[in-house]
>>> print(open('model29.cif').read())   # mmCIF, C-alpha atoms
data_query
loop_
_atom_site.label_atom_id
_atom_site.label_comp_id
_atom_site.auth_asym_id
_atom_site.auth_seq_id
_atom_site.Cartn_x
_atom_site.Cartn_y
_atom_site.Cartn_z
CA MET A 1402 22.78 -126.09 -59.40
CA ASP A 1403 25.90 -126.55 -61.53
CA THR A 1404 29.02 -126.10 -59.38
CA ASP A 1405 31.60 -127.39 -61.88
CA HIS A 1406 31.91 -124.35 -64.16
CA GLU A 1407 29.52 -121.61 -63.26
CA LEU A 1408 27.21 -120.52 -60.49
CA ARG A 1409 23.68 -120.97 -61.71
CA ILE A 1410 20.64 -120.80 -59.49
CA ASP A 1411 17.84 -122.85 -60.98
CA PRO A 1412 14.19 -122.09 -60.12
CA PRO A 1413 13.83 -124.84 -57.48
CA HIS A 1414 16.99 -123.61 -55.75
CA ARG A 1415 15.83 -119.99 -55.92
CA GLU A 1416 12.47 -120.92 -54.39
CA LEU A 1417 14.13 -122.83 -51.54
CA LEU A 1418 16.67 -120.08 -50.85
CA ASP A 1419 13.92 -117.45 -50.91
CA GLN A 1420 12.00 -119.45 -48.32
CA ILE A 1421 14.94 -120.21 -46.04
CA LEU A 1422 16.61 -116.79 -46.24
CA ASP A 1423 13.48 -114.65 -46.15
CA LYS A 1424 12.78 -111.81 -43.75
CA TRP A 1425 11.65 -113.97 -40.81
CA SER A 1426 13.08 -117.44 -41.36
CA LEU A 1427 16.60 -116.70 -40.14
CA GLY A 1428 15.32 -115.36 -36.82
CA VAL A 1429 12.98 -118.32 -36.37
CA LEU A 1430 15.71 -120.83 -37.28
CA SER A 1431 18.15 -119.12 -34.94
CA GLU A 1432 15.73 -119.50 -32.04
CA LEU A 1433 14.86 -123.10 -32.88
CA CYS A 1434 18.55 -124.04 -33.13
CA GLU A 1435 18.81 -123.14 -29.45
CA ARG A 1436 15.71 -124.99 -28.21
CA PRO A 1437 12.21 -126.08 -29.20
CA CYS A 1438 9.71 -123.23 -28.86
CA ARG A 1439 6.00 -122.74 -28.74
CA PHE A 1440 4.41 -120.31 -31.18
CA ASN A 1441 4.13 -117.42 -28.71
CA GLU A 1442 7.73 -117.92 -27.57
CA LEU A 1443 8.79 -117.44 -31.18
CA ARG A 1444 6.62 -114.33 -31.47
CA ARG A 1445 8.32 -112.84 -28.43
CA ALA A 1446 11.78 -113.82 -29.74
CA VAL A 1447 11.09 -112.18 -33.12
CA PRO A 1448 8.93 -109.26 -31.95
CA GLN A 1449 8.46 -107.52 -35.31
CA VAL A 1450 6.85 -110.58 -36.95
CA THR A 1451 3.07 -110.66 -37.18
CA GLN A 1452 1.08 -113.74 -36.26
CA LYS A 1453 0.16 -114.27 -39.91
CA SER A 1454 3.77 -113.96 -41.13
CA LEU A 1455 5.08 -116.26 -38.40
CA THR A 1456 2.45 -118.88 -39.26
CA ALA A 1457 3.36 -118.69 -42.96
CA THR A 1458 7.09 -118.86 -42.18
CA LEU A 1459 6.69 -121.90 -39.95
CA ARG A 1460 4.56 -123.67 -42.56
CA ARG A 1461 7.15 -123.04 -45.29
CA LEU A 1462 9.98 -124.25 -43.06
CA GLU A 1463 7.97 -127.32 -42.08
CA ARG A 1464 7.13 -128.06 -45.73
CA ASN A 1465 10.85 -127.89 -46.58
CA GLY A 1466 11.67 -130.34 -43.79
CA VAL A 1467 13.78 -127.99 -41.66
CA VAL A 1468 11.24 -127.51 -38.85
CA GLU A 1469 8.83 -129.96 -37.32
CA ARG A 1470 5.60 -129.25 -35.52
CA GLU A 1471 4.69 -131.26 -32.44
CA VAL A 1472 1.26 -131.18 -30.80
CA VAL A 1473 1.69 -131.35 -27.03
CA SER A 1474 -1.20 -132.96 -25.20
CA THR A 1475 -1.75 -130.39 -22.50
CA ARG A 1476 -4.83 -128.44 -21.58
CA PRO A 1477 -5.23 -126.39 -23.66
CA VAL A 1478 -3.46 -128.23 -26.44
CA ALA A 1479 -0.15 -126.61 -27.33
CA VAL A 1480 2.08 -126.75 -30.39
CA ARG A 1481 5.84 -126.79 -30.14
CA TYR A 1482 8.27 -126.31 -33.02
CA ARG A 1483 11.74 -127.76 -33.25
CA ILE A 1484 14.53 -127.81 -35.78
CA THR A 1485 15.01 -131.10 -37.64
CA PRO A 1486 18.35 -132.79 -38.30
CA LEU A 1487 18.12 -131.44 -41.86
CA GLY A 1488 17.46 -127.95 -40.48
CA LYS A 1489 20.56 -128.19 -38.26
CA THR A 1490 22.69 -128.63 -41.37
CA LEU A 1491 21.77 -125.05 -42.36
CA ARG A 1492 23.71 -123.62 -39.41
CA PRO A 1493 27.23 -123.80 -40.93
CA PRO A 1494 26.41 -122.15 -44.28
CA ILE A 1495 24.31 -119.47 -42.59
CA ASP A 1496 27.15 -118.81 -40.12
CA VAL A 1497 29.52 -118.38 -43.09
CA LEU A 1498 27.13 -115.86 -44.73
CA LEU A 1499 26.76 -113.91 -41.48
CA ALA A 1500 30.54 -113.88 -40.95
CA TRP A 1501 31.01 -112.64 -44.52
CA ALA A 1502 28.46 -109.88 -43.94
CA SER A 1503 30.11 -108.81 -40.67
CA GLU A 1504 33.58 -108.82 -42.20
CA ASN A 1505 32.53 -106.87 -45.27
CA MET A 1506 30.03 -104.38 -43.81
CA PRO A 1507 32.55 -101.49 -43.76
CA ALA A 1508 33.30 -101.99 -47.50
CA ILE A 1509 29.60 -102.39 -48.26
CA ALA A 1510 28.76 -99.22 -46.32
CA ARG A 1511 31.42 -97.32 -48.30
CA ALA A 1512 30.08 -98.68 -51.60
CA ARG A 1513 26.54 -97.67 -50.63
CA ASP A 1514 27.69 -94.17 -49.68
CA THR A 1515 29.55 -93.82 -52.98
CA TYR A 1516 26.56 -95.04 -54.95
CA ASP A 1517 24.13 -92.77 -53.07
CA THR A 1518 26.42 -89.77 -53.51
CA GLN A 1519 26.77 -90.42 -57.24
CA GLY A 1520 22.99 -90.78 -57.51
CA GLU A 1521 22.49 -87.40 -55.85
CA GLU A 1522 25.01 -85.79 -58.22
CA THR A 1523 23.31 -87.19 -61.32
CA GLY A 1524 19.81 -86.60 -60.03
CA ASN A 1525 18.89 -90.31 -59.84
#
>>> encode(input="model29.cif", output="structure tokens")
Amino acid sequence: MDTDHELRIDPPHRELLDQILDKWSLGVLSELCERPCRFNELRRAVPQVTQKSLTATLRRLERNGVVEREVVSTRPVAVRYRITPLGKTLRPPIDVLLAWASENMPAIARARDTYDTQGEETGN
């Protein structure tokens, strides 16, 4: 990504951002920033996520080095997920994005209303 003159999102950056900022990752990362969790704890914490989607999300996050999977030798064997040091570095930029969204939601809601109203008037 070139930060000197222009904002350009290259394909590797886009792929990473898509995987970290997708529908389920933020909720999973938020939970794991608080404490390590087992799979079913994460499912309860993010109730809308399906088992398949949660598995895929955790695998993507693990592949990107922001989550680690630990097999716990209990009976039955359990798996616990935790955020990595690299994953913890995501917290500040995500907090900035969330603060921006909170601060600007009234303006965004007005823009959406204006757009939707104009669409109704033009038949779009």
>>> closest_residue(input="model29.cif", among="A:Arg1436, A:Arg1483, A:Arg1470, A:Lys1424", to="A:Thr1458", atoms="only C-alpha atoms")
A:Lys1424
>>> resolve_selection(input="model29.cif", expression="the PyMOL selection byres ((chain A and resi 1428) around 12)", output="number ranges by chain")
A: 1421-1427, 1429-1435, 1443-1450, 1455, 1458-1459, 1495
>>> closest_residue(input="model29.cif", among="A:Arg1476, A:Arg1409, A:Lys1489, A:Arg1439", to="A:Thr1456", atoms="all atoms listed in the file")
A:Arg1439
>>> atom_distance(input="model29.cif", atom1="atom CA of A:Glu1416", atom2="atom CA of A:Pro1437")
25.7 Å
>>> atom_distance(input="model29.cif", atom1="atom CA of A:Cys1438", atom2="atom CA of A:Arg1492")
17.5 Å
>>> closest_residue(input="model29.cif", among="A:Thr1485, A:Asn1505, A:Thr1518, A:Thr1490", to="A:Glu1463", atoms="all atoms listed in the file")
A:Thr1485
>>> atom_distance(input="model29.cif", atom1="atom CA of A:Gly1524", atom2="atom CA of A:Arg1511")
19.7 Å
>>> closest_residue(input="model29.cif", among="A:Val1480, A:Pro1493, A:Pro1486, A:Lys1453", to="A:Val1468", atoms="all atoms listed in the file")
A:Pro1486
